[in-house]
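Heads up, entry06.cif below (mmCIF, C-alpha atoms):
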data_protein
#
loop_
_atom_site.label_atom_id
_atom_site.label_comp_id
_atom_site.auth_asym_id
_atom_site.auth_seq_id
_atom_site.Cartn_x
_atom_site.Cartn_y
_atom_site.Cartn_z
CA MET A 1043 -20.95 -6.22 2.20
CA ARG A 1044 -19.05 -8.54 4.53
CA VAL A 1045 -20.25 -8.25 8.14
CA ALA A 1046 -18.77 -9.85 11.26
CA HIS A 1047 -21.06 -9.97 14.28
CA VAL A 1048 -19.09 -10.52 17.51
CA LEU A 1049 -20.71 -11.41 20.82
CA ARG A 1050 -19.74 -12.96 24.12
CA ARG A 1051 -21.65 -16.21 23.69
CA LEU A 1052 -24.06 -17.92 21.31
CA SER A 1053 -25.67 -21.12 22.50
CA PHE A 1054 -28.89 -22.29 20.90
CA ASP A 1055 -29.71 -24.29 24.02
CA ASP A 1056 -29.21 -21.43 26.47
CA TRP A 1057 -30.10 -18.08 24.95
CA GLY A 1058 -31.00 -14.52 25.89
CA GLY A 1059 -32.07 -11.25 24.31
CA THR A 1060 -28.65 -10.36 22.88
CA GLU A 1061 -28.36 -13.70 21.13
CA GLN A 1062 -31.84 -13.28 19.62
CA VAL A 1063 -31.00 -9.84 18.28
CA VAL A 1064 -27.68 -10.88 16.74
CA TRP A 1065 -29.03 -14.06 15.19
CA ASN A 1066 -32.10 -12.46 13.65
CA LEU A 1067 -30.24 -9.43 12.32
CA ALA A 1068 -27.61 -11.71 10.81
CA ARG A 1069 -30.25 -13.88 9.14
CA ALA A 1070 -32.00 -10.82 7.72
CA GLN A 1071 -28.70 -9.46 6.39
CA VAL A 1072 -27.98 -12.77 4.65
CA ARG A 1073 -31.43 -12.64 3.03
CA ALA A 1074 -30.57 -9.13 1.84
CA GLY A 1075 -27.49 -10.49 0.04
CA HIS A 1076 -24.71 -9.69 2.51
CA GLU A 1077 -21.95 -12.09 3.54
CA VAL A 1078 -22.17 -12.60 7.29
CA ARG A 1079 -20.29 -14.54 9.95
CA VAL A 1080 -20.87 -14.75 13.69
CA PHE A 1081 -17.92 -14.84 16.11
CA ALA A 1082 -18.35 -15.78 19.79
CA THR A 1083 -16.68 -17.57 22.68
CA THR A 1084 -17.23 -21.20 23.64
CA ALA A 1085 -19.07 -20.16 26.82
CA LEU A 1086 -22.05 -22.56 27.18
CA CYS A 1087 -21.31 -24.05 23.75
CA PRO A 1088 -17.99 -25.84 23.11
CA THR A 1089 -18.57 -26.32 19.35
CA PRO A 1090 -15.75 -24.34 17.70
CA ARG A 1091 -17.33 -24.12 14.26
CA GLU A 1092 -20.78 -24.77 12.84
CA THR A 1093 -23.10 -23.57 10.10
CA ARG A 1094 -26.81 -22.92 10.61
CA GLU A 1095 -29.21 -21.54 8.01
CA GLY A 1096 -26.25 -20.60 5.83
CA LEU A 1097 -24.56 -18.66 8.65
CA GLU A 1098 -21.09 -19.73 9.75
CA ILE A 1099 -20.41 -19.47 13.50
CA LEU A 1100 -16.88 -19.51 14.92
CA ARG A 1101 -16.22 -19.82 18.66
CA PHE A 1102 -13.04 -19.32 20.67
CA PRO A 1103 -12.27 -20.33 24.29
CA PRO A 1104 -12.50 -17.38 26.70
CA VAL A 1105 -9.78 -16.71 29.27
CA TYR A 1106 -11.16 -15.10 32.41
CA PRO A 1107 -8.43 -12.88 33.92
CA TRP A 1108 -9.03 -13.59 37.58
CA TRP A 1109 -7.18 -15.65 40.17
CA PRO A 1110 -7.87 -18.14 41.55
CA MET A 1111 -10.29 -19.53 38.97
CA THR A 1112 -12.39 -22.50 40.10
CA ALA A 1113 -14.67 -24.57 37.89
CA ALA A 1114 -17.69 -23.17 39.69
CA THR A 1115 -16.58 -19.57 39.12
CA ARG A 1116 -15.86 -20.29 35.46
CA ALA A 1117 -19.35 -21.73 35.04
CA ARG A 1118 -20.89 -18.61 36.58
CA LEU A 1119 -18.82 -16.33 34.34
CA ASP A 1120 -19.77 -18.35 31.26
CA ARG A 1121 -23.35 -17.38 32.00
CA LYS A 1122 -22.88 -13.79 33.02
CA GLY A 1123 -19.96 -11.38 32.89
CA GLY A 1124 -16.29 -12.20 33.27
CA ASN A 1125 -14.79 -9.65 30.82
CA PRO A 1126 -12.60 -12.32 29.19
CA PHE A 1127 -9.63 -12.25 26.88
CA VAL A 1128 -10.41 -14.26 23.73
CA PRO A 1129 -7.21 -15.62 22.16
CA GLY A 1130 -7.63 -16.40 18.47
CA LEU A 1131 -10.50 -13.99 17.86
CA ALA A 1132 -8.40 -11.08 16.59
CA ARG A 1133 -6.51 -13.28 14.16
CA ALA A 1134 -9.73 -14.84 12.85
CA LEU A 1135 -11.23 -11.40 12.23
CA ARG A 1136 -8.10 -10.17 10.44
CA GLU A 1137 -7.97 -13.26 8.23
CA TRP A 1138 -11.62 -13.00 7.18
CA ALA A 1139 -11.24 -9.23 6.58
CA PRO A 1140 -14.83 -8.05 7.09
CA ASP A 1141 -15.96 -4.64 5.85
CA VAL A 1142 -17.85 -4.12 9.12
CA ILE A 1143 -17.09 -5.44 12.60
CA HIS A 1144 -20.24 -5.16 14.70
CA CYS A 1145 -19.51 -5.95 18.34
CA HIS A 1146 -22.34 -6.89 20.72
CA ALA A 1147 -20.20 -7.13 23.87
CA MET A 1148 -18.36 -4.67 26.06
CA GLY A 1149 -15.03 -4.74 27.87
CA ARG A 1150 -12.09 -6.57 26.35
CA ILE A 1151 -14.07 -8.06 23.46
CA ALA A 1152 -15.17 -4.61 22.33
CA GLU A 1153 -11.63 -3.26 22.76
CA LEU A 1154 -10.33 -6.10 20.58
CA CYS A 1155 -12.89 -5.36 17.86
CA ILE A 1156 -12.04 -1.64 17.81
CA ARG A 1157 -8.32 -2.45 17.69
CA VAL A 1158 -8.73 -4.87 14.75
CA ALA A 1159 -10.88 -2.34 12.89
CA GLU A 1160 -8.22 0.34 13.37
CA LYS A 1161 -5.53 -1.94 11.92
CA THR A 1162 -7.56 -3.29 8.99
CA GLY A 1163 -9.58 -0.22 8.02
CA ALA A 1164 -12.88 -1.97 8.69
CA ARG A 1165 -15.87 -0.01 9.92
CA CYS A 1166 -16.75 -0.72 13.55
CA ALA A 1167 -19.97 -0.44 15.54
CA VAL A 1168 -20.65 -1.42 19.13
CA SER A 1169 -24.16 -2.36 20.24
CA LEU A 1170 -25.34 -1.65 23.77
CA HIS A 1171 -27.81 -4.36 24.76
CA GLY A 1172 -27.73 -4.16 28.54
CA GLY A 1173 -29.50 -0.92 29.34
CA GLY A 1174 -26.42 0.60 30.97
CA ALA A 1175 -28.18 3.95 31.16
CA ASN A 1176 -30.57 2.67 33.80
CA VAL A 1177 -29.12 -0.47 35.43
CA PRO A 1178 -29.95 -0.41 39.16
CA ALA A 1179 -27.04 -0.55 41.59
CA ALA A 1180 -28.12 -3.97 42.89
CA GLU A 1181 -28.08 -5.48 39.38
CA ALA A 1182 -24.65 -4.00 38.65
CA ALA A 1183 -23.37 -5.47 41.92
CA SER A 1184 -24.70 -8.92 40.98
CA LEU A 1185 -22.62 -8.82 37.78
CA ARG A 1186 -19.48 -8.17 39.83
CA ALA A 1187 -20.29 -10.70 42.55
CA PRO A 1188 -18.51 -13.78 41.08
CA THR A 1189 -15.15 -11.96 40.97
CA ARG A 1190 -15.44 -9.78 44.06
CA ARG A 1191 -12.65 -11.45 46.04
CA LEU A 1192 -10.45 -12.53 43.13
CA LEU A 1193 -7.19 -11.01 41.90
CA PRO A 1194 -7.76 -9.14 38.58
CA TRP A 1195 -4.53 -10.03 36.84
CA GLY A 1196 -6.02 -8.95 33.51
CA LYS A 1197 -5.61 -5.29 34.44
CA ILE A 1198 -1.86 -5.75 34.61
CA LEU A 1199 -1.82 -7.29 31.13
CA ASP A 1200 -4.07 -4.56 29.74
CA LYS A 1201 -1.69 -1.90 31.00
CA ALA A 1202 1.40 -3.71 29.72
CA LEU A 1203 -0.14 -4.04 26.24
CA ARG A 1204 -1.41 -0.44 26.30
CA ARG A 1205 -4.99 -1.44 25.66
CA THR A 1206 -6.61 1.86 26.46
CA ARG A 1207 -9.53 2.19 24.03
CA ARG A 1208 -12.63 3.72 25.54
CA ILE A 1209 -15.74 1.60 25.24
CA PRO A 1210 -17.93 2.42 23.38
CA GLU A 1211 -16.67 5.97 22.67
CA ASP A 1212 -13.84 4.87 20.35
CA ALA A 1213 -16.07 2.79 18.08
CA GLY A 1214 -17.06 4.30 14.76
CA GLY A 1215 -20.70 4.11 15.75
CA ILE A 1216 -22.91 3.11 18.65
CA VAL A 1217 -26.12 1.10 18.27
CA CYS A 1218 -28.58 1.22 21.17
CA VAL A 1219 -31.54 -1.10 21.68
CA GLY A 1220 -32.89 1.22 24.37
CA GLU A 1221 -34.00 4.77 23.63
CA ASP A 1222 -32.80 5.96 27.06
CA GLU A 1223 -29.34 4.72 26.16
CA ALA A 1224 -29.45 6.37 22.73
CA ASP A 1225 -30.40 9.70 24.28
CA LEU A 1226 -27.45 9.41 26.66
CA TRP A 1227 -24.89 8.69 23.95
CA ARG A 1228 -26.10 11.20 21.37
CA ALA A 1229 -24.59 13.90 23.57
CA ARG A 1230 -21.20 12.13 23.53
CA HIS A 1231 -20.80 10.58 20.08
CA PRO A 1232 -21.51 11.81 16.53
CA ARG A 1233 -22.93 8.52 15.21
CA VAL A 1234 -25.61 6.86 17.34
CA LEU A 1235 -28.45 4.68 16.06
CA PHE A 1236 -31.49 3.75 18.09
CA LEU A 1237 -32.35 0.33 16.66
CA PRO A 1238 -35.09 -1.39 18.62
CA ASN A 1239 -35.27 -5.12 18.93
CA GLY A 1240 -37.32 -6.90 16.31
CA VAL A 1241 -39.58 -9.84 15.75
CA ASP A 1242 -40.27 -12.44 13.07
CA VAL A 1243 -43.94 -11.57 12.75
CA ALA A 1244 -44.77 -14.51 10.50
CA LEU A 1245 -43.37 -17.02 13.00
CA PHE A 1246 -45.26 -15.81 16.05
CA GLU A 1247 -48.56 -14.91 14.41
CA GLY A 1248 -48.70 -18.44 13.01
CA SER A 1249 -48.49 -17.62 9.29
CA ASP A 1250 -45.11 -19.34 9.05
CA PRO A 1251 -45.90 -22.93 8.00
CA THR A 1252 -43.21 -24.31 10.34
CA THR A 1253 -45.32 -23.23 13.32
CA GLN A 1254 -48.53 -24.91 12.22
CA ARG A 1255 -48.73 -27.51 14.94
CA SER A 1256 -51.51 -28.73 17.13
CA ASN A 1257 -52.73 -26.12 19.61
CA ASP A 1258 -53.42 -28.89 22.13
CA PRO A 1259 -51.98 -27.58 25.43
CA THR A 1260 -50.67 -31.04 26.32
CA THR A 1261 -48.37 -31.19 23.27
CA LYS A 1262 -44.88 -32.51 24.07
CA ARG A 1263 -42.04 -29.99 23.76
CA SER A 1264 -38.42 -30.65 22.83
CA ASN A 1265 -37.32 -30.48 26.49
CA ASP A 1266 -39.68 -33.36 27.40
CA GLN A 1267 -41.85 -31.14 29.55
CA THR A 1268 -45.57 -31.42 28.92
CA ILE A 1269 -47.67 -28.28 28.96
CA GLN A 1270 -50.68 -28.95 31.19
CA ARG A 1271 -53.41 -26.41 31.76
CA PRO A 1272 -56.65 -27.13 33.62
CA ASN A 1273 -59.64 -25.66 31.83
CA ASP A 1274 -60.48 -23.33 34.73
CA GLN A 1275 -57.04 -21.69 34.86
CA THR A 1276 -55.62 -18.76 32.91
CA ARG A 1277 -52.08 -19.40 31.69
CA VAL A 1278 -49.69 -16.48 32.22
CA LEU A 1279 -46.51 -16.80 30.16
CA CYS A 1280 -43.19 -15.12 30.91
CA VAL A 1281 -40.31 -15.59 28.45
CA ALA A 1282 -37.07 -14.31 29.97
CA ARG A 1283 -33.90 -15.63 31.53
CA ILE A 1284 -34.59 -16.69 35.12
CA ASP A 1285 -32.79 -13.91 36.89
CA ARG A 1286 -33.52 -11.41 39.65
CA GLN A 1287 -33.54 -8.60 37.08
CA LYS A 1288 -36.52 -10.25 35.39
CA ASN A 1289 -38.42 -10.39 38.71
CA GLN A 1290 -40.33 -13.65 38.16
CA MET A 1291 -40.91 -13.76 41.91
CA ALA A 1292 -43.70 -11.19 41.37
CA LEU A 1293 -45.49 -13.78 39.23
CA VAL A 1294 -45.10 -16.43 41.91
CA GLU A 1295 -46.61 -14.05 44.46
CA ALA A 1296 -49.49 -13.39 42.05
CA LEU A 1297 -50.33 -17.10 42.11
CA ALA A 1298 -51.17 -16.81 45.81
CA ARG A 1299 -53.43 -13.82 45.20
CA ASP A 1300 -55.48 -15.42 42.41
CA PRO A 1301 -56.18 -19.18 42.26
CA ARG A 1302 -57.35 -18.80 38.66
CA LEU A 1303 -53.78 -18.25 37.45
CA SER A 1304 -51.06 -20.64 36.36
CA VAL A 1305 -47.61 -19.38 35.41
CA ARG A 1306 -45.29 -20.77 32.74
CA LEU A 1307 -41.64 -19.62 32.76
CA VAL A 1308 -39.58 -20.05 29.59
CA GLY A 1309 -35.88 -19.19 29.60
CA PRO A 1310 -32.46 -20.27 30.87
CA ALA A 1311 -31.62 -19.98 34.56
CA THR A 1312 -28.74 -17.50 34.64
CA GLU A 1313 -29.11 -17.44 38.44
CA PRO A 1314 -29.82 -21.06 39.48
CA ASP A 1315 -30.28 -20.09 43.13
CA TYR A 1316 -33.07 -17.72 42.07
CA LEU A 1317 -34.80 -20.58 40.24
CA GLU A 1318 -34.71 -22.64 43.42
CA ALA A 1319 -36.05 -19.66 45.39
CA LEU A 1320 -38.97 -19.39 42.96
CA ARG A 1321 -39.82 -23.06 43.38
CA ALA A 1322 -39.48 -22.88 47.15
CA ARG A 1323 -41.74 -19.83 47.40
CA ALA A 1324 -44.38 -21.43 45.16
CA ALA A 1325 -44.38 -24.50 47.40
CA GLU A 1326 -44.61 -22.32 50.51
CA LEU A 1327 -47.65 -20.56 49.03
CA GLY A 1328 -49.31 -23.86 48.11
CA ALA A 1329 -49.06 -23.00 44.41
CA ALA A 1330 -46.31 -25.35 43.23
CA ASP A 1331 -48.73 -27.18 40.95
CA ARG A 1332 -49.51 -23.91 39.14
CA LEU A 1333 -45.89 -23.00 38.37
CA SER A 1334 -44.15 -24.76 35.48
CA ILE A 1335 -40.62 -24.23 34.18
CA ALA A 1336 -39.95 -24.91 30.51
CA GLY A 1337 -36.24 -24.03 30.54
CA ALA A 1338 -34.50 -22.55 27.53
CA LEU A 1339 -35.96 -22.90 24.05
CA PRO A 1340 -34.07 -21.89 20.90
CA PRO A 1341 -34.83 -18.36 19.67
CA GLY A 1342 -37.19 -18.30 16.72
CA SER A 1343 -38.04 -21.99 17.15
CA PRO A 1344 -41.45 -23.61 16.55
CA GLU A 1345 -41.34 -24.79 20.17
CA LEU A 1346 -41.03 -21.20 21.40
CA ALA A 1347 -43.84 -20.03 19.13
CA ALA A 1348 -45.99 -22.88 20.46
CA GLU A 1349 -45.48 -21.64 24.03
CA TYR A 1350 -46.97 -18.31 23.05
CA ARG A 1351 -49.90 -19.97 21.30
CA ALA A 1352 -50.66 -22.05 24.41
CA ALA A 1353 -50.82 -18.95 26.67
CA ASP A 1354 -53.68 -16.59 27.53
CA VAL A 1355 -51.72 -13.59 28.85
CA PHE A 1356 -48.10 -12.50 28.63
CA ALA A 1357 -46.36 -10.80 31.56
CA LEU A 1358 -42.88 -9.27 31.86
CA PRO A 1359 -42.33 -7.98 35.42
CA SER A 1360 -38.67 -6.86 35.01
CA ARG A 1361 -37.08 -4.51 37.51
CA HIS A 1362 -35.30 -2.80 34.61
CA GLU A 1363 -35.37 -3.51 30.88
CA PRO A 1364 -33.64 -1.72 27.98
CA PHE A 1365 -36.31 -2.83 25.52
CA GLY A 1366 -38.17 -6.13 25.95
CA ILE A 1367 -37.95 -8.17 22.76
CA VAL A 1368 -40.31 -10.79 24.17
CA VAL A 1369 -43.10 -8.22 24.29
CA LEU A 1370 -42.83 -7.95 20.51
CA GLU A 1371 -43.16 -11.73 20.26
CA ALA A 1372 -46.21 -11.69 22.51
CA TRP A 1373 -47.77 -8.90 20.45
CA ALA A 1374 -47.14 -10.79 17.22
CA ALA A 1375 -48.71 -13.89 18.80
CA GLY A 1376 -51.86 -11.91 19.66
CA LEU A 1377 -51.55 -12.06 23.45
CA PRO A 1378 -52.67 -9.32 25.83
CA VAL A 1379 -49.53 -7.97 27.49
CA VAL A 1380 -48.88 -6.83 31.07
CA ALA A 1381 -45.45 -5.23 31.54
CA SER A 1382 -43.32 -3.24 33.98
CA ASN A 1383 -43.29 0.49 33.38
CA VAL A 1384 -39.50 0.74 33.48
CA GLY A 1385 -36.75 1.94 31.12
CA GLY A 1386 -36.99 1.12 27.45
CA LEU A 1387 -39.78 -1.37 28.12
CA GLY A 1388 -41.99 1.39 29.48
CA ARG A 1389 -41.16 3.60 26.51
CA LEU A 1390 -41.96 0.78 24.09
CA CYS A 1391 -45.40 0.31 25.63
CA ALA A 1392 -46.01 4.07 25.75
CA ALA A 1393 -45.21 4.30 22.03
CA HIS A 1394 -48.14 1.96 21.33
CA PRO A 1395 -51.03 3.10 23.52
CA GLY A 1396 -53.57 0.40 24.15
CA ALA A 1397 -51.19 -2.48 23.39
CA ALA A 1398 -50.17 -3.24 27.01
CA LEU A 1399 -51.14 -2.65 30.60
CA VAL A 1400 -48.14 -1.31 32.50
CA PHE A 1401 -47.50 -1.44 36.24
CA ASP A 1402 -44.91 -0.34 38.78
CA PRO A 1403 -42.71 -3.34 39.73
CA ALA A 1404 -41.92 -1.67 43.06
CA ASP A 1405 -45.58 -2.08 44.10
CA PRO A 1406 -46.08 -5.69 45.32
CA SER A 1407 -49.76 -5.76 44.35
CA ALA A 1408 -49.58 -3.90 41.02
CA LEU A 1409 -48.90 -6.96 38.84
CA SER A 1410 -51.77 -8.91 40.37
CA ALA A 1411 -54.09 -5.94 39.89
CA ALA A 1412 -53.16 -5.65 36.21
CA LEU A 1413 -53.66 -9.37 35.61
CA SER A 1414 -57.03 -9.22 37.38
CA ARG A 1415 -58.14 -6.42 35.06
CA VAL A 1416 -57.34 -8.54 32.01
CA LEU A 1417 -59.11 -11.60 33.45
CA ALA A 1418 -62.19 -9.62 34.44
CA ASP A 1419 -62.64 -7.82 31.12
CA PRO A 1420 -62.58 -9.97 27.95
CA ALA A 1421 -63.15 -6.87 25.81
CA LEU A 1422 -60.02 -5.27 27.30
CA ALA A 1423 -58.02 -8.45 26.66
CA ALA A 1424 -59.18 -8.52 23.02
CA SER A 1425 -58.38 -4.84 22.56
CA LEU A 1426 -54.87 -5.25 23.98
CA ALA A 1427 -54.26 -8.24 21.70
CA ALA A 1428 -55.44 -6.40 18.56
CA ALA A 1429 -53.36 -3.31 19.31
CA GLY A 1430 -50.34 -5.49 19.98
CA ARG A 1431 -50.65 -7.32 16.66
CA ALA A 1432 -50.70 -3.97 14.86
CA ALA A 1433 -47.69 -2.69 16.81
CA ALA A 1434 -45.57 -5.79 16.11
CA ARG A 1435 -45.60 -5.16 12.36
CA ASP A 1436 -43.45 -2.05 12.89
CA TYR A 1437 -40.58 -4.20 14.17
CA ASP A 1438 -40.06 -6.90 11.55
CA TRP A 1439 -36.38 -7.91 11.33
CA THR A 1440 -36.12 -7.27 7.57
CA ALA A 1441 -36.85 -3.57 7.99
CA LEU A 1442 -34.52 -3.24 10.99
CA ALA A 1443 -31.64 -4.94 9.15
CA ALA A 1444 -32.02 -2.48 6.28
CA ARG A 1445 -31.81 0.44 8.72
CA LEU A 1446 -28.66 -1.08 10.23
CA SER A 1447 -26.99 -1.44 6.82
CA ASP A 1448 -27.72 2.22 6.10
CA PHE A 1449 -26.05 3.10 9.42
CA TYR A 1450 -22.95 1.06 8.54
CA ALA A 1451 -22.54 3.25 5.46
CA THR A 1452 -22.16 6.36 7.65
CA LEU A 1453 -19.27 4.94 9.70
CA PRO A 1454 -15.62 5.84 9.03
CA GLY A 1455 -13.55 3.19 7.25
CA ARG A 1456 -13.66 1.20 4.06
CA LEU A 1457 -16.80 -0.44 2.72
CA ALA A 1458 -17.01 -2.80 -0.23
#
Represent the structure contained in this file as C-alpha cells.
Amino acid sequence: MRVAHVLRRLSFDDWGGTEQVVWNLARAQVRAGHEVRVFATTALCPTPRETREGLEILRFPPVYPWWPMTAATRARLDRKGGNPFVPGLARALREWAPDVIHCHAMGRIAELCIRVAEKTGARCAVSLHGGGANVPAAEAASLRAPTRRLLPWGKILDKALRRTRRIPEDAGGIVCVGEDEADLWRARHPRVLFLPNGVDVALFEGSDPTTQRSNDPTTKRSNDQTIQRPNDQTRVLCVARIDRQKNQMALVEALARDPRLSVRLVGPATEPDYLEALRARAAELGAADRLSIAGALPPGSPELAAEYRAADVFALPSRHEPFGIVVLEAWAAGLPVVASNVGGLGRLCAAHPGAALVFDPADPSALSAALSRVLADPALAASLAAAGRAAARDYDWTALAARLSDFYATLPGRLA
C-alpha cells in the first residue's frame, strides 16, 4: 500500500506532538512493508527534499493568505496556525499517486488533500490532533492572534475557486487521537477511528541499544546544555512545547513552594514571550538556578530518551490536552507521572489506574501537593512507575500502525 502522510510542518529541530505521531506511524508502516512518503511545508525547515530512515520527505513553501505580511508575522505563523495555501503540494500528490492520503492538518491543507483524493480515487483520512472538542476559548483566541488585524485575502480566492469542502466531514474517514473528539465525531460521520498516540517502548525503557549511554546527570547533550542536578534535589521533567496551553508556569510556581525540586523543560518555544515570562518568574521567586531549559530535541532520539533517564518525576500540567504522548514516554521510561486531569490526558490516566497522580490545573496548589506526595512516599513513586511501565506496552507504535492500516481498508476509494 502506498501512503502519503501530509502535515503542516516537519522539522526535526523544532517538533511537537503531531510530528511525533506522523513520524512514528510512518516508520512503523514502512517496517510493515508499505511504501510511505511524508509531505509538509517548509515552515521551520527550508529543506525541500530529504530522506531519513528510508522515508522520503518533500516540503513546499507555504503562502499565508493575509495582508500585510511582515517577516515577524510569518515567523509566528510558521510556528502556529496560518491556514496557508501550499502551491506544488497537489501536483506532487497527484504525480506520486498514493493509495491513501492521510492528512494531519486542517483548513486549506485538508481541503487540498480531500480534493486530490476525489480526483484521483485515493482513499482519504483526516487526523484530528489538536483536541478541538475541548479547546478553551483563550487557547483558540491565541491561535487567531497573529492575524487578528490583517486582511484575509485567502477567503476571496477560496470563494472564487469554489473550495467548499467541509473539514473534516468530507474526508473518507476521521482519525482522532483524543477519545473526547472521537465521541463527538461518531455522531456525525460513519467512519471514525480512535487511535491513541503511541510510544517506542524499547527506546524509552532503555532496551534499545542506541540509548545505552552513561546515566551521569552531567552528560553533554546535543544542544550544548549540560544537565546538572545537585544530589539533594529531585528533578522534575516536563517534555512539551513551551506554550501557555502546556502551563509550565505551574511548575515554576512549584519551585517556590518546595526547595527540594528542580525543573527541566524540554521542547520548542512556540510562544517565545511565554519562555521569557517563565524565566522572569523563576528569577523573581529566587529559583532561577533550579529551572533549566533544554530546548527542542528530535523525537525518538537518544538525547530525548536520556532526558527521561536523568529525571526522577515527570509532570505534565497542561490546561487542556487531547492525549499526552509524552506521558507514554515517561511511563515507558519508568518514571512516576503527575498529570493534569483534563481532556484526553485525564481519560488516558483514568484508563490505567495507579499509573499517574492527577490534579486540577485550575487549583494553584494542586500540582505542588501531588509532587509532594510522590517525594514523601517512595513506595507510591515505585508503584506509579511500575504501573506506568505496564501501561506503556499497550501503546507500541507497531500495533497502532496495524490498526490504522485496517482502518484505511474501510475507507471509500481504490486500494492497491
Quick check on the file I pasted: which residues fall under the PyMOL selection byres ((chain A and resi 1135) around 10)? Write them as a list in words.
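Answer for the PyMOL selection byres ((chain A and resi 1135) around 10): Ala1046, Val1048, Arg1079, Phe1081, Gly1130, Leu1131, Ala1132, Arg1133, Ala1134, Arg1136, Glu1137, Trp1138, Ala1139, Pro1140, Ile1143, Leu1154, Cys1155, Val1158, Ala1159 and Thr1162 of chain A.
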The PyMOL selection byres ((chain A and resi 1328) around 12) resolved against shown file, as a CSV table (one decimal) with C-alpha atoms, in the coordinates of the input:
chain,number,residue,atom,x,y,z
A,1294,VAL,CA,-45.1,-16.4,41.9
A,1295,GLU,CA,-46.6,-14.0,44.5
A,1297,LEU,CA,-50.3,-17.1,42.1
A,1298,ALA,CA,-51.2,-16.8,45.8
A,1299,ARG,CA,-53.4,-13.8,45.2
A,1300,ASP,CA,-55.5,-15.4,42.4
A,1301,PRO,CA,-56.2,-19.2,42.3
A,1321,ARG,CA,-39.8,-23.1,43.4
A,1322,ALA,CA,-39.5,-22.9,47.2
A,1323,ARG,CA,-41.7,-19.8,47.4
A,1324,ALA,CA,-44.4,-21.4,45.2
A,1325,ALA,CA,-44.4,-24.5,47.4
A,1326,GLU,CA,-44.6,-22.3,50.5
A,1327,LEU,CA,-47.6,-20.6,49.0
A,1329,ALA,CA,-49.1,-23.0,44.4
A,1330,ALA,CA,-46.3,-25.4,43.2
A,1331,ASP,CA,-48.7,-27.2,41.0
A,1332,ARG,CA,-49.5,-23.9,39.1
A,1333,LEU,CA,-45.9,-23.0,38.4
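Between A:Thr1312 and the residues A:Arg1118, A:Arg1157, A:Lys1197, A:His1171, the shortest atom-to-atom distance, using only C-alpha atoms, involves A:Arg1118.
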How many Å lie between atom CA of A:Gly1123 and atom CA of A:Pro1188, rounded to one decimal?
8.7 Å
Nearest-residue call for A:Arg1204, choices A:Ala1229, A:Glu1153, A:Phe1246, A:Arg1445, using only C-alpha atoms
A:Glu1153
I need the residue set behind the PyMOL selection byres ((chain A and resi 1233-1243) around 8) for this file; please write it as a compact mmCIF listing (two decimals) with C-alpha atoms, keeping the file's coordinate frame.
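Just written: part.txt:
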# COMPACT_ATOMS: atom_id res chain seq x y z
CA VAL A 1063 -31.00 -9.84 18.28
CA GLY A 1214 -17.06 4.30 14.76
CA GLY A 1215 -20.70 4.11 15.75
CA ILE A 1216 -22.91 3.11 18.65
CA VAL A 1217 -26.12 1.10 18.27
CA CYS A 1218 -28.58 1.22 21.17
CA VAL A 1219 -31.54 -1.10 21.68
CA GLY A 1220 -32.89 1.22 24.37
CA GLU A 1221 -34.00 4.77 23.63
CA ALA A 1224 -29.45 6.37 22.73
CA TRP A 1227 -24.89 8.69 23.95
CA ARG A 1228 -26.10 11.20 21.37
CA HIS A 1231 -20.80 10.58 20.08
CA PRO A 1232 -21.51 11.81 16.53
CA ALA A 1244 -44.77 -14.51 10.50
CA LEU A 1245 -43.37 -17.02 13.00
CA PHE A 1246 -45.26 -15.81 16.05
CA GLU A 1247 -48.56 -14.91 14.41
CA GLY A 1342 -37.19 -18.30 16.72
CA PHE A 1365 -36.31 -2.83 25.52
CA GLY A 1366 -38.17 -6.13 25.95
CA ILE A 1367 -37.95 -8.17 22.76
CA LEU A 1370 -42.83 -7.95 20.51
CA GLU A 1371 -43.16 -11.73 20.26
CA ALA A 1374 -47.14 -10.79 17.22
CA ALA A 1434 -45.57 -5.79 16.11
CA ARG A 1435 -45.60 -5.16 12.36
CA TYR A 1437 -40.58 -4.20 14.17
CA ASP A 1438 -40.06 -6.90 11.55
CA TRP A 1439 -36.38 -7.91 11.33
CA LEU A 1442 -34.52 -3.24 10.99
CA ARG A 1445 -31.81 0.44 8.72
CA LEU A 1446 -28.66 -1.08 10.23
CA PHE A 1449 -26.05 3.10 9.42
CA THR A 1452 -22.16 6.36 7.65
CA LEU A 1453 -19.27 4.94 9.70
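Using all atoms listed in the file, the nearest neighbour of A:Ser1382 within the list A:Ser1447, A:Gln1290, A:Leu1426, A:Arg1302 is A:Gln1290.
Nearest to A:Cys1145 of all the residues A:Thr1084, A:Gly1386, A:Thr1206, A:Arg1050 is A:Arg1050, counting all atoms listed in the file.
Across the model, the gap from atom CA of A:Asn1066 to atom CA of A:Ile1151 is 21.0 Å.
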Pairwise distance for atom CA of A:Ala1433 and atom CA of A:Leu1293, rounded to one decimal in Å
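Spanning atom CA of A:Ala1433 to atom CA of A:Leu1293 is a straight-line distance of 25.1 Å.
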Distance criterion (only C-alpha atoms): nearest to A:Val1355 out of A:Thr1112, A:Thr1276, A:Thr1083, A:Gln1062
A:Thr1276
Protein, DNA and RNA residues within 7 Å of (-34.8, -7.7, 8.5), all atoms listed in the file, as an MDAnalysis selection string:
chainID A and resid 1067 1070:1071 1438:1444
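If only C-alpha atoms are the atoms counted, then among A:Leu1317, A:Ala1398, A:Ala1074, A:Ile1198 the closest residue to A:Lys1288 is A:Leu1317.
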Please identify all polymer residues within 8 Å of A:Ala1068, counting only C-alpha atoms, omitting same-chain residues fewer than 3 positions from it, and present them as an MDAnalysis selection string.
chainID A and resid 1047 1064:1065 1071:1072 1078:1080 1097
